[in-house]
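One file, model.json, carrying JSON, C-alpha atoms:
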[["chain", "number", "residue", "atom", "x", "y", "z"],
["A", 193, "MET", "CA", 0.00, 0.00, 0.00],
["A", 194, "HIS", "CA", 1.12, 3.56, -0.72],
["A", 195, "VAL", "CA", 0.36, 6.57, 1.45],
["A", 196, "TYR", "CA", 0.23, 10.15, 0.18],
["A", 197, "ILE", "CA", 2.33, 12.45, 2.37],
["A", 198, "ASN", "CA", 3.06, 16.05, 1.44],
["A", 199, "ASN", "CA", 2.89, 15.67, -2.37],
["A", 200, "ARG", "CA", 4.54, 12.23, -2.51],
["A", 201, "LEU", "CA", 3.29, 8.67, -2.66],
["A", 202, "ILE", "CA", 5.31, 6.62, -0.21],
["A", 203, "PRO", "CA", 5.28, 2.86, 0.47],
["A", 204, "GLU", "CA", 3.44, 2.04, 3.69],
["A", 205, "SER", "CA", 6.60, 0.70, 5.32],
["A", 206, "LYS", "CA", 8.31, 4.07, 4.82],
["A", 207, "ALA", "CA", 5.32, 6.31, 5.50],
["A", 208, "LYS", "CA", 6.29, 8.21, 8.64],
["A", 209, "VAL", "CA", 5.86, 11.61, 10.25],
["A", 210, "SER", "CA", 8.12, 13.38, 12.70],
["A", 211, "VAL", "CA", 7.85, 12.75, 16.45],
["A", 212, "PHE", "CA", 7.75, 16.55, 16.64],
["A", 213, "ASP", "CA", 4.58, 16.75, 14.54],
["A", 214, "HIS", "CA", 2.01, 18.66, 16.56],
["A", 215, "GLY", "CA", -0.70, 16.29, 15.40],
["A", 216, "PHE", "CA", 1.14, 13.56, 17.31],
["A", 217, "LEU", "CA", 2.21, 15.72, 20.25],
["A", 218, "TYR", "CA", -1.03, 17.62, 20.86],
["A", 219, "GLY", "CA", -3.74, 16.29, 18.57],
["A", 220, "ASP", "CA", -3.49, 19.58, 16.70],
["A", 221, "GLY", "CA", -5.10, 18.76, 13.39],
["A", 222, "ILE", "CA", -8.21, 17.75, 11.48],
["A", 223, "TYR", "CA", -9.43, 14.89, 9.32],
["A", 224, "GLU", "CA", -12.16, 13.62, 7.00],
["A", 225, "THR", "CA", -13.19, 10.09, 6.11],
["A", 226, "MET", "CA", -14.80, 9.19, 2.80],
["A", 227, "ARG", "CA", -15.98, 6.16, 0.90],
["A", 228, "ALA", "CA", -15.36, 5.37, -2.75],
["A", 229, "TYR", "CA", -17.80, 3.22, -4.73],
["A", 230, "GLU", "CA", -16.44, 1.84, -7.99],
["A", 231, "GLY", "CA", -13.82, 4.56, -8.11],
["A", 232, "VAL", "CA", -16.23, 7.42, -7.37],
["A", 233, "VAL", "CA", -15.76, 9.19, -4.03],
["A", 234, "PHE", "CA", -19.21, 9.76, -2.57],
["A", 235, "MET", "CA", -20.07, 13.36, -1.65],
["A", 236, "LEU", "CA", -16.48, 14.41, -2.29],
["A", 237, "ASP", "CA", -17.20, 18.13, -2.60],
["A", 238, "GLU", "CA", -19.11, 18.12, 0.69],
["A", 239, "HIS", "CA", -16.29, 16.34, 2.51],
["A", 240, "ILE", "CA", -13.69, 18.76, 1.16],
["A", 241, "ARG", "CA", -15.82, 21.75, 2.16],
["A", 242, "ARG", "CA", -16.10, 20.36, 5.67],
["A", 243, "LEU", "CA", -12.34, 19.78, 5.78],
["A", 244, "TYR", "CA", -11.79, 23.45, 4.96],
["A", 245, "ARG", "CA", -14.37, 24.45, 7.56],
["A", 246, "SER", "CA", -12.55, 22.45, 10.25],
["A", 247, "ALA", "CA", -9.27, 24.02, 9.17],
["A", 248, "SER", "CA", -10.73, 27.51, 9.33],
["A", 249, "LEU", "CA", -12.09, 26.93, 12.84],
["A", 250, "ILE", "CA", -8.61, 26.06, 14.15],
["A", 251, "GLN", "CA", -6.86, 28.66, 11.96],
["A", 252, "LEU", "CA", -4.98, 26.02, 9.97],
["A", 253, "ALA", "CA", -4.07, 26.77, 6.36],
["A", 254, "ILE", "CA", -4.46, 23.65, 4.21],
["A", 255, "PRO", "CA", -1.57, 23.67, 1.72],
["A", 256, "LYS", "CA", -3.74, 22.56, -1.22],
["A", 257, "GLY", "CA", -6.74, 23.79, -3.15],
["A", 258, "ALA", "CA", -9.85, 21.66, -3.58],
["A", 259, "ALA", "CA", -8.86, 20.55, -7.09],
["A", 260, "GLU", "CA", -5.42, 19.52, -5.84],
["A", 261, "ILE", "CA", -6.98, 17.50, -3.01],
["A", 262, "LYS", "CA", -9.28, 15.69, -5.45],
["A", 263, "SER", "CA", -6.34, 14.91, -7.71],
["A", 264, "ALA", "CA", -4.28, 13.60, -4.79],
["A", 265, "ILE", "CA", -7.15, 11.35, -3.66],
["A", 266, "HIS", "CA", -7.58, 9.81, -7.10],
["A", 267, "LYS", "CA", -3.82, 9.45, -7.49],
["A", 268, "THR", "CA", -3.66, 7.55, -4.19],
["A", 269, "LEU", "CA", -6.59, 5.30, -5.13],
["A", 270, "LYS", "CA", -4.94, 4.52, -8.46],
["A", 271, "ALA", "CA", -1.56, 3.81, -6.85],
["A", 272, "ASN", "CA", -3.25, 1.25, -4.61],
["A", 273, "SER", "CA", -5.49, -0.18, -7.39],
["A", 274, "LEU", "CA", -8.59, 0.58, -5.36],
["A", 275, "LYS", "CA", -12.14, 1.26, -6.55],
["A", 276, "ASN", "CA", -14.15, 0.41, -3.43],
["A", 277, "ALA", "CA", -12.23, 2.08, -0.68],
["A", 278, "TYR", "CA", -12.08, 3.77, 2.67],
["A", 279, "ILE", "CA", -10.30, 7.13, 2.41],
["A", 280, "ARG", "CA", -8.94, 9.28, 5.21],
["A", 281, "ILE", "CA", -7.43, 12.74, 4.85],
["A", 282, "THR", "CA", -5.44, 14.01, 7.83],
["A", 283, "VAL", "CA", -4.02, 17.52, 8.07],
["A", 284, "SER", "CA", -1.92, 18.31, 11.13],
["A", 285, "ARG", "CA", -0.30, 21.56, 12.19],
["A", 286, "GLY", "CA", 3.00, 20.05, 11.15],
["A", 287, "SER", "CA", 6.40, 19.52, 12.72],
["A", 288, "GLY", "CA", 7.77, 22.11, 15.11],
["A", 289, "LYS", "CA", 9.43, 22.74, 18.44],
["A", 290, "ILE", "CA", 7.78, 21.61, 21.66],
["A", 291, "GLY", "CA", 5.05, 24.04, 22.67],
["A", 292, "LEU", "CA", 1.41, 24.83, 21.98],
["A", 293, "ASP", "CA", 1.98, 27.90, 19.82],
["A", 294, "PRO", "CA", 0.89, 27.05, 16.24],
["A", 295, "ALA", "CA", 3.54, 29.48, 14.98],
["A", 296, "LEU", "CA", 6.17, 26.91, 16.00],
["A", 297, "CYS", "CA", 5.17, 24.84, 12.94],
["A", 298, "GLU", "CA", 6.36, 26.08, 9.55],
["A", 299, "LYS", "CA", 3.97, 24.06, 7.37],
["A", 300, "PRO", "CA", 1.14, 21.53, 7.84],
["A", 301, "THR", "CA", 1.47, 17.80, 7.28],
["A", 302, "PHE", "CA", -0.99, 16.53, 4.64],
["A", 303, "ILE", "CA", -1.76, 12.80, 4.48],
["A", 304, "ILE", "CA", -4.12, 10.60, 2.49],
["A", 305, "ILE", "CA", -4.59, 6.95, 3.47],
["A", 306, "THR", "CA", -6.71, 4.59, 1.37],
["A", 307, "ASN", "CA", -7.68, 1.02, 2.20],
["A", 308, "GLU", "CA", -9.85, -1.55, 0.50],
["A", 309, "PHE", "CA", -13.39, -1.18, 1.80],
["A", 310, "LYS", "CA", -14.60, -4.37, 3.42],
["A", 311, "ASP", "CA", -18.35, -4.71, 3.85],
["A", 312, "TYR", "CA", -19.76, -4.81, 7.35],
["A", 313, "PRO", "CA", -21.16, -8.23, 8.30],
["A", 314, "ALA", "CA", -24.57, -8.80, 6.69],
["A", 315, "SER", "CA", -25.93, -9.78, 10.11],
["A", 316, "PHE", "CA", -25.40, -6.20, 11.32],
["A", 317, "TYR", "CA", -27.94, -4.93, 8.78],
["A", 318, "LYS", "CA", -30.30, -7.86, 9.18],
["A", 319, "LYS", "CA", -30.39, -8.06, 12.99],
["A", 320, "GLY", "CA", -28.86, -4.77, 14.15],
["A", 321, "VAL", "CA", -26.02, -3.94, 16.51],
["A", 322, "ARG", "CA", -25.95, -3.36, 20.25],
["A", 323, "LEU", "CA", -25.26, 0.05, 21.80],
["A", 324, "ILE", "CA", -24.75, 1.37, 25.29],
["A", 325, "ILE", "CA", -25.24, 4.84, 26.67],
["A", 326, "SER", "CA", -21.80, 5.63, 27.99],
["A", 327, "SER", "CA", -20.94, 7.17, 31.34],
["A", 328, "VAL", "CA", -18.42, 9.29, 29.39],
["A", 329, "LYS", "CA", -19.93, 12.67, 28.61],
["A", 330, "ARG", "CA", -19.61, 14.41, 25.25],
["A", 331, "ASN", "CA", -17.16, 17.30, 25.21],
["A", 332, "LEU", "CA", -18.76, 20.64, 26.02],
["A", 333, "LYS", "CA", -19.54, 22.40, 22.74],
["A", 334, "GLU", "CA", -18.38, 25.63, 24.39],
["A", 335, "ALA", "CA", -14.97, 24.01, 24.99],
["A", 336, "ILE", "CA", -14.43, 22.29, 21.63],
["A", 337, "ASN", "CA", -16.65, 23.22, 18.71],
["A", 338, "PRO", "CA", -18.23, 19.94, 17.49],
["A", 339, "GLN", "CA", -18.12, 21.27, 13.91],
["A", 340, "ILE", "CA", -14.35, 20.71, 14.01],
["A", 341, "LYS", "CA", -13.45, 17.16, 12.96],
["A", 342, "SER", "CA", -10.48, 17.22, 15.26],
["A", 343, "LEU", "CA", -7.70, 14.73, 15.92],
["A", 344, "ASN", "CA", -8.55, 15.10, 19.63],
["A", 345, "PHE", "CA", -10.47, 11.83, 20.08],
["A", 346, "LEU", "CA", -9.72, 10.77, 23.66],
["A", 347, "ASN", "CA", -13.29, 11.56, 24.73],
["A", 348, "ASN", "CA", -14.63, 9.13, 22.13],
["A", 349, "ILE", "CA", -11.96, 6.52, 22.82],
["A", 350, "LEU", "CA", -12.90, 6.36, 26.50],
["A", 351, "ALA", "CA", -16.53, 5.78, 25.51],
["A", 352, "LYS", "CA", -15.45, 3.09, 23.02],
["A", 353, "ILE", "CA", -13.43, 1.33, 25.74],
["A", 354, "GLU", "CA", -16.54, 1.25, 27.91],
["A", 355, "ALA", "CA", -18.61, -0.16, 25.04],
["A", 356, "LYS", "CA", -16.07, -2.93, 24.42],
["A", 357, "LYS", "CA", -16.02, -3.86, 28.09],
["A", 358, "LYS", "CA", -19.80, -4.25, 27.94],
["A", 359, "LYS", "CA", -19.55, -6.19, 24.67],
["A", 360, "ALA", "CA", -21.41, -3.53, 22.72],
["A", 361, "TYR", "CA", -20.65, -2.40, 19.19],
["A", 362, "GLU", "CA", -20.88, 1.33, 19.86],
["A", 363, "ALA", "CA", -21.45, 3.87, 22.63],
["A", 364, "LEU", "CA", -23.80, 6.82, 22.64],
["A", 365, "MET", "CA", -22.80, 9.83, 24.72],
["A", 366, "LEU", "CA", -24.88, 12.32, 26.68],
["A", 367, "ASN", "CA", -23.89, 15.95, 27.07],
["A", 368, "SER", "CA", -23.45, 17.68, 30.42],
["A", 369, "GLN", "CA", -27.20, 18.43, 30.54],
["A", 370, "GLY", "CA", -28.04, 14.75, 30.08],
["A", 371, "HIS", "CA", -29.22, 15.09, 26.48],
["A", 372, "LEU", "CA", -28.39, 12.52, 23.80],
["A", 373, "THR", "CA", -25.67, 13.61, 21.40],
["A", 374, "GLU", "CA", -23.99, 11.04, 19.14],
["A", 375, "GLY", "CA", -21.88, 7.89, 19.08],
["A", 376, "THR", "CA", -18.11, 7.73, 19.06],
["A", 377, "ILE", "CA", -18.09, 7.65, 15.24],
["A", 378, "CYS", "CA", -21.73, 8.10, 14.23],
["A", 379, "ASN", "CA", -24.96, 10.04, 14.48],
["A", 380, "VAL", "CA", -28.06, 8.40, 15.96],
["A", 381, "PHE", "CA", -31.72, 8.32, 14.89],
["A", 382, "PHE", "CA", -34.75, 6.76, 16.52],
["A", 383, "VAL", "CA", -38.46, 6.41, 15.75],
["A", 384, "LEU", "CA", -41.16, 7.48, 18.19],
["A", 385, "LYS", "CA", -44.82, 6.64, 17.64],
["A", 386, "LYS", "CA", -47.22, 9.52, 18.16],
["A", 387, "LYS", "CA", -50.93, 8.94, 17.51],
["A", 388, "ASN", "CA", -50.19, 6.11, 15.07],
["A", 389, "LYS", "CA", -47.67, 8.31, 13.29],
["A", 390, "SER", "CA", -43.94, 7.60, 13.07],
["A", 391, "VAL", "CA", -41.65, 10.52, 13.90],
["A", 392, "LEU", "CA", -37.96, 10.19, 13.05],
["A", 393, "CYS", "CA", -35.97, 11.85, 15.83],
["A", 394, "THR", "CA", -32.33, 12.84, 16.07],
["A", 395, "PRO", "CA", -30.40, 15.12, 18.44],
["A", 396, "SER", "CA", -30.18, 18.70, 17.23],
["A", 397, "LEU", "CA", -26.90, 20.45, 16.54],
["A", 398, "ASP", "CA", -27.49, 22.48, 19.72],
["A", 399, "CYS", "CA", -26.77, 19.32, 21.71],
["A", 400, "GLY", "CA", -23.12, 19.48, 20.64],
["A", 401, "ILE", "CA", -22.90, 17.09, 17.69],
["A", 402, "LEU", "CA", -21.21, 17.03, 14.31],
["A", 403, "ASP", "CA", -23.52, 17.76, 11.38],
["A", 404, "GLY", "CA", -22.78, 14.45, 9.71],
["A", 405, "ILE", "CA", -23.01, 14.35, 5.92],
["A", 406, "THR", "CA", -24.88, 11.04, 6.06],
["A", 407, "ARG", "CA", -27.12, 12.49, 8.79],
["A", 408, "ASN", "CA", -28.11, 15.34, 6.49],
["A", 409, "ILE", "CA", -28.86, 12.95, 3.63],
["A", 410, "VAL", "CA", -31.06, 10.81, 5.88],
["A", 411, "LEU", "CA", -33.07, 13.86, 7.00],
["A", 412, "GLU", "CA", -33.59, 14.87, 3.37],
["A", 413, "LEU", "CA", -34.61, 11.36, 2.34],
["A", 414, "ALA", "CA", -37.05, 11.08, 5.25],
["A", 415, "LYS", "CA", -38.79, 14.30, 4.24],
["A", 416, "LYS", "CA", -38.85, 13.16, 0.61],
["A", 417, "HIS", "CA", -40.65, 9.97, 1.67],
["A", 418, "GLY", "CA", -43.17, 11.76, 3.84],
["A", 419, "ILE", "CA", -41.62, 10.82, 7.19],
["A", 420, "THR", "CA", -41.98, 13.48, 9.86],
["A", 421, "THR", "CA", -38.62, 14.45, 11.35],
["A", 422, "LYS", "CA", -37.73, 16.11, 14.63],
["A", 423, "GLU", "CA", -34.36, 17.55, 15.58],
["A", 424, "SER", "CA", -34.44, 18.38, 19.26],
["A", 425, "LYS", "CA", -33.04, 17.75, 22.74],
["A", 426, "PHE", "CA", -33.77, 14.21, 23.90],
["A", 427, "LYS", "CA", -33.10, 12.27, 27.09],
["A", 428, "LYS", "CA", -32.01, 8.64, 27.19],
["A", 429, "GLU", "CA", -35.56, 7.74, 28.23],
["A", 430, "ASP", "CA", -36.74, 8.93, 24.81],
["A", 431, "ILE", "CA", -34.57, 6.45, 22.97],
["A", 432, "TYR", "CA", -35.59, 3.71, 25.43],
["A", 433, "ARG", "CA", -39.22, 4.10, 24.36],
["A", 434, "ALA", "CA", -38.45, 4.20, 20.63],
["A", 435, "SER", "CA", -39.75, 1.55, 18.25],
["A", 436, "GLU", "CA", -36.67, 1.67, 15.99],
["A", 437, "VAL", "CA", -33.09, 2.92, 16.32],
["A", 438, "PHE", "CA", -30.30, 3.24, 13.79],
["A", 439, "ILE", "CA", -26.90, 4.90, 13.50],
["A", 440, "THR", "CA", -25.26, 6.55, 10.50],
["A", 441, "ASN", "CA", -21.89, 7.51, 9.09],
["A", 442, "THR", "CA", -20.13, 7.60, 5.74],
["A", 443, "THR", "CA", -18.90, 4.01, 5.72],
["A", 444, "MET", "CA", -21.70, 2.14, 7.52],
["A", 445, "GLU", "CA", -24.44, 4.23, 5.80],
["A", 446, "ILE", "CA", -27.55, 3.29, 7.83],
["A", 447, "MET", "CA", -26.92, 0.64, 10.49],
["A", 448, "PRO", "CA", -29.89, -0.80, 12.44],
["A", 449, "VAL", "CA", -29.69, -1.10, 16.22],
["A", 450, "CYS", "CA", -31.12, -4.10, 18.07],
["A", 451, "LYS", "CA", -30.42, -3.00, 21.64],
["A", 452, "VAL", "CA", -29.55, 0.10, 23.67],
["A", 453, "ASP", "CA", -28.52, -0.86, 27.19],
["A", 454, "SER", "CA", -31.22, -3.38, 28.21],
["A", 455, "VAL", "CA", -33.91, -2.22, 25.75],
["A", 456, "SER", "CA", -34.42, -4.25, 22.56],
["A", 457, "TYR", "CA", -35.68, -3.07, 19.15],
["A", 458, "GLN", "CA", -36.76, -4.58, 15.87],
["A", 459, "VAL", "CA", -35.31, -3.55, 12.52],
["A", 460, "GLY", "CA", -38.45, -1.69, 11.54],
["A", 461, "SER", "CA", -40.11, -0.37, 8.41],
["A", 462, "VAL", "CA", -38.71, 3.17, 8.67],
["A", 463, "THR", "CA", -35.15, 1.90, 8.99],
["A", 464, "LYS", "CA", -35.61, -0.48, 6.06],
["A", 465, "LEU", "CA", -37.20, 2.19, 3.86],
["A", 466, "LEU", "CA", -34.45, 4.72, 4.56],
["A", 467, "HIS", "CA", -31.70, 2.14, 4.12],
["A", 468, "GLU", "CA", -32.96, 1.29, 0.66],
["A", 469, "ALA", "CA", -33.55, 4.96, -0.15],
["A", 470, "TYR", "CA", -29.98, 5.72, 0.85],
["A", 471, "LYS", "CA", -28.66, 2.94, -1.40],
["A", 472, "GLU", "CA", -30.68, 4.38, -4.26],
["A", 473, "ASN", "CA", -29.31, 7.83, -3.50],
["A", 474, "VAL", "CA", -25.77, 6.47, -3.75],
["A", 475, "ARG", "CA", -26.58, 4.76, -7.06],
["A", 476, "ALA", "CA", -28.02, 8.01, -8.45],
["A", 477, "TYR", "CA", -24.94, 9.94, -7.31],
["A", 478, "LEU", "CA", -22.59, 7.45, -8.98],
["A", 479, "ALA", "CA", -24.58, 7.57, -12.21],
["A", 480, "LYS", "CA", -24.46, 11.37, -12.20],
["A", 481, "VAL", "CA", -20.85, 11.90, -11.13],
["A", 482, "GLY", "CA", -19.25, 8.78, -12.54]]
I'd like the structure from this file rewritten - as structure tokens, please.
Amino acid sequence: MHVYINNRLIPESKAKVSVFDHGFLYGDGIYETMRAYEGVVFMLDEHIRRLYRSASLIQLAIPKGAAEIKSAIHKTLKANSLKNAYIRITVSRGSGKIGLDPALCEKPTFIIITNEFKDYPASFYKKGVRLIISSVKRNLKEAINPQIKSLNFLNNILAKIEAKKKKAYEALMLNSQGHLTEGTICNVFFVLKKKNKSVLCTPSLDCGILDGITRNIVLELAKKHGITTKESKFKKEDIYRASEVFITNTTMEIMPVCKVDSVSYQVGSVTKLLHEAYKENVRAYLAKVG
């Protein structure tokens, strides 16, 4: 495998960054993950825009324009003979002397890693995955803006450790006010029944979550199919009384949930409809862009 580092494709065995890189020392950097289907990177423009947004919010100057980033991605995919792939772009502050001052780093480190995309187990989509609500709280949005896809992931890692100890696939986090936010790597949706009507609920951005690209697509698809949506502040008790739950991100798309803590759920009609609608949306995108 070859890794793209600062304008060069380098064999994996030689792909290294300095121990003085501030991404390594302080988590000072940003990232984006993408998925390629048959050589087409899904929602590429949206991911690049979000990368620039993250960079702007931490006052980091990305050393490439959007067209250059696209070219570098496709060059890396080609070098690794990949069509169906997981793609990660990482941009750190770069190498510099010890200290928090960004001015210590002369130029950012720009990295693209691509790997063959391996499908999630079919059983995950058929039966669902198990979640817990973690005791680890989501970072305060006033402390770290959730719109920054930051390399600072210790908060999420601690929640993931708890999930693994409890033999769960993923952990959902509450904020300091006890409202649902998101998982360690995903957004969450759930269906509440109100007067024989299904309402698709998801935590609002005010709760301190990332505005996931897949999350936005799901909300659009729900409205297109006549499903009422509600973005609001929810307690864990709200998800406990849901009829369906699913999680979303770029690689898993729409993943059904069979259990949250001790409460079980079926893979219901709303989840199935949106999962198929999302697949169709991907197919339409590939036909248009490819």
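Picture a line from atom CA of Ala360 of chain A to atom CA of Ile325 of chain A; it runs 10.0 Å.
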Residues of segment 384-443 of chain A that have any atom at most 12 Å from an atom of segment 226-240 of chain A: could you tabulate them with the shortest-distance atom pair and the distance in Å to one decimal, using all atoms listed in the file, ordered by chain and increasing number, as a tab-separated table?
residue	atom	partner	partner_atom	distance
A:Asp403	CA	A:His239	CA	11.5
A:Gly404	CA	A:His239	CA	9.9
A:Ile405	CA	A:Glu238	CA	7.5
A:Thr406	CA	A:Met235	CA	9.4
A:Asn408	CA	A:Glu238	CA	11.1
A:Ile409	CA	A:Met235	CA	10.3
A:Asn441	CA	A:Met226	CA	9.6
A:Thr442	CA	A:Met226	CA	6.3
A:Thr443	CA	A:Arg227	CA	6.0
Restricting it to C-alpha atoms, dump the selection as a CSV table (one decimal), in the frame of the given file.
chain,number,residue,atom,x,y,z
A,403,ASP,CA,-23.5,17.8,11.4
A,404,GLY,CA,-22.8,14.4,9.7
A,405,ILE,CA,-23.0,14.4,5.9
A,406,THR,CA,-24.9,11.0,6.1
A,408,ASN,CA,-28.1,15.3,6.5
A,409,ILE,CA,-28.9,13.0,3.6
A,441,ASN,CA,-21.9,7.5,9.1
A,442,THR,CA,-20.1,7.6,5.7
A,443,THR,CA,-18.9,4.0,5.7
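Proximity of A:Asn337, A:Ser273, A:Asn348, A:Thr282 to Ile254 of chain A, computed with only C-alpha atoms, is greatest for A:Thr282.
Near Leu397 of chain A, within 12 Å and counting only C-alpha atoms, sit Lys333, Asn337, Pro338, Gln339, Asn367, His371, Leu372, Thr373, Glu374, Asn379, Thr394, Pro395, Cys399, Gly400, Ile401, Leu402, Asp403, Gly404, Arg407, Asn408, Lys422, Glu423, Ser424, Lys425 and Phe426 of chain A, not including residues fewer than 2 positions from it in the same chain.
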If you take all atoms listed in the file and a cut-off of 12 Å, which residues of segment 258-340 of chain A touch segment 198-203 of chain A, and what are their nearest atom pairs and distances in Å to one decimal, in chain and number order, as JSON lines?
{"residue": "A:Glu260", "atom": "CA", "partner": "A:Asn199", "partner_atom": "CA", "distance": 9.8}
{"residue": "A:Ile261", "atom": "CA", "partner": "A:Asn199", "partner_atom": "CA", "distance": 10.1}
{"residue": "A:Ser263", "atom": "CA", "partner": "A:Asn199", "partner_atom": "CA", "distance": 10.7}
{"residue": "A:Ala264", "atom": "CA", "partner": "A:Asn199", "partner_atom": "CA", "distance": 7.8}
{"residue": "A:Ile265", "atom": "CA", "partner": "A:Leu201", "partner_atom": "CA", "distance": 10.8}
{"residue": "A:His266", "atom": "CA", "partner": "A:Leu201", "partner_atom": "CA", "distance": 11.8}
{"residue": "A:Lys267", "atom": "CA", "partner": "A:Leu201", "partner_atom": "CA", "distance": 8.6}
{"residue": "A:Thr268", "atom": "CA", "partner": "A:Leu201", "partner_atom": "CA", "distance": 7.2}
{"residue": "A:Leu269", "atom": "CA", "partner": "A:Leu201", "partner_atom": "CA", "distance": 10.7}
{"residue": "A:Lys270", "atom": "CA", "partner": "A:Leu201", "partner_atom": "CA", "distance": 10.9}
{"residue": "A:Ala271", "atom": "CA", "partner": "A:Leu201", "partner_atom": "CA", "distance": 8.0}
{"residue": "A:Asn272", "atom": "CA", "partner": "A:Pro203", "partner_atom": "CA", "distance": 10.1}
{"residue": "A:Ile281", "atom": "CA", "partner": "A:Asn198", "partner_atom": "CA", "distance": 11.5}
{"residue": "A:Thr282", "atom": "CA", "partner": "A:Asn198", "partner_atom": "CA", "distance": 10.8}
{"residue": "A:Val283", "atom": "CA", "partner": "A:Asn198", "partner_atom": "CA", "distance": 9.8}
{"residue": "A:Ser284", "atom": "CA", "partner": "A:Asn198", "partner_atom": "CA", "distance": 11.1}
{"residue": "A:Gly286", "atom": "CA", "partner": "A:Asn198", "partner_atom": "CA", "distance": 10.5}
{"residue": "A:Lys299", "atom": "CA", "partner": "A:Asn198", "partner_atom": "CA", "distance": 10.0}
{"residue": "A:Pro300", "atom": "CA", "partner": "A:Asn198", "partner_atom": "CA", "distance": 8.6}
{"residue": "A:Thr301", "atom": "CA", "partner": "A:Asn198", "partner_atom": "CA", "distance": 6.3}
{"residue": "A:Phe302", "atom": "CA", "partner": "A:Asn198", "partner_atom": "CA", "distance": 5.2}
{"residue": "A:Ile303", "atom": "CA", "partner": "A:Asn198", "partner_atom": "CA", "distance": 6.6}
{"residue": "A:Ile304", "atom": "CA", "partner": "A:Asn198", "partner_atom": "CA", "distance": 9.1}
{"residue": "A:Ile305", "atom": "CA", "partner": "A:Leu201", "partner_atom": "CA", "distance": 10.1}
{"residue": "A:Thr306", "atom": "CA", "partner": "A:Leu201", "partner_atom": "CA", "distance": 11.5}
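Minimum distance to Glu445 of chain A across A:Asn347, A:Gln458, A:Asn307, A:Asn473 (counting only C-alpha atoms) occurs at A:Asn473.
For the residues A:Asn344, A:Thr225, A:Ser327, A:Ser315, ranking by smallest atom-to-atom distance to Tyr278 of chain A using all atoms listed in the file places A:Thr225 first.
Here atom CA of Glu354 of chain A and atom CA of Tyr457 of chain A stand 21.5 Å from one another.
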Q. Excluding same-chain residues fewer than 2 positions from Ser342 of chain A, what lies within 8 Å of it counting all atoms listed in the file, as a count of residues only?
A. 9
With 6 Å of padding per side, what axis-aligned box (centre and edge lengths, Å, one decimal) covers all the listed atoms of segment 285-289 of chain A? Give it as lines of an AutoDock Vina configuration file.
center_x = 4.6
center_y = 21.1
center_z = 14.8
size_x = 21.7
size_y = 15.2
size_z = 19.3
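From atom CA of Ala434 of chain A back to atom CA of Leu384 of chain A, the distance works out to 4.9 Å.
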Q | For Glu472 of chain A, the nearest of the candidates A:Leu413, A:Gly215, A:Val459, A:Lys357, counting all atoms listed in the file | A | A:Leu413
Q: May I ask which of the residues A:Lys310, A:Lys256, A:Arg475, A:Lys356 is the closest one to Lys275 of chain A, counting only C-alpha atoms?
A: A:Lys310
Any chance you could model N, CA and C atoms for segment 373-384 of chain A and send them as a short mmCIF file (atom, residue, chain, number, x, y, z; two decimals), keeping the file's coordinate frame?
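The resulting file, selection_25.cif, is reproduced below:
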data_model
loop_
_atom_site.label_atom_id
_atom_site.label_comp_id
_atom_site.auth_asym_id
_atom_site.auth_seq_id
_atom_site.Cartn_x
_atom_site.Cartn_y
_atom_site.Cartn_z
N THR A 373 -26.43 12.91 22.43
CA THR A 373 -25.67 13.61 21.40
C THR A 373 -25.42 12.68 20.20
N GLU A 374 -24.36 11.89 20.26
CA GLU A 374 -23.99 11.04 19.14
C GLU A 374 -23.15 9.88 19.64
N GLY A 375 -22.77 8.98 18.72
CA GLY A 375 -21.88 7.89 19.08
C GLY A 375 -20.43 8.32 18.95
N THR A 376 -19.54 7.39 19.15
CA THR A 376 -18.11 7.73 19.06
C THR A 376 -17.71 8.02 17.62
N ILE A 377 -18.41 7.42 16.66
CA ILE A 377 -18.09 7.65 15.24
C ILE A 377 -19.35 7.78 14.38
N CYS A 378 -20.47 8.13 14.98
CA CYS A 378 -21.73 8.10 14.23
C CYS A 378 -22.76 9.05 14.82
N ASN A 379 -23.76 9.36 14.00
CA ASN A 379 -24.96 10.04 14.48
C ASN A 379 -26.02 8.98 14.78
N VAL A 380 -27.02 9.35 15.56
CA VAL A 380 -28.06 8.40 15.96
C VAL A 380 -29.44 8.94 15.61
N PHE A 381 -30.32 8.04 15.18
CA PHE A 381 -31.72 8.32 14.89
C PHE A 381 -32.59 7.31 15.62
N PHE A 382 -33.81 7.72 15.95
CA PHE A 382 -34.75 6.76 16.52
C PHE A 382 -36.17 7.18 16.16
N VAL A 383 -37.08 6.20 16.16
CA VAL A 383 -38.46 6.41 15.75
C VAL A 383 -39.37 6.37 16.97
N LEU A 384 -40.15 7.43 17.13
CA LEU A 384 -41.16 7.48 18.19
C LEU A 384 -42.54 7.45 17.54
#
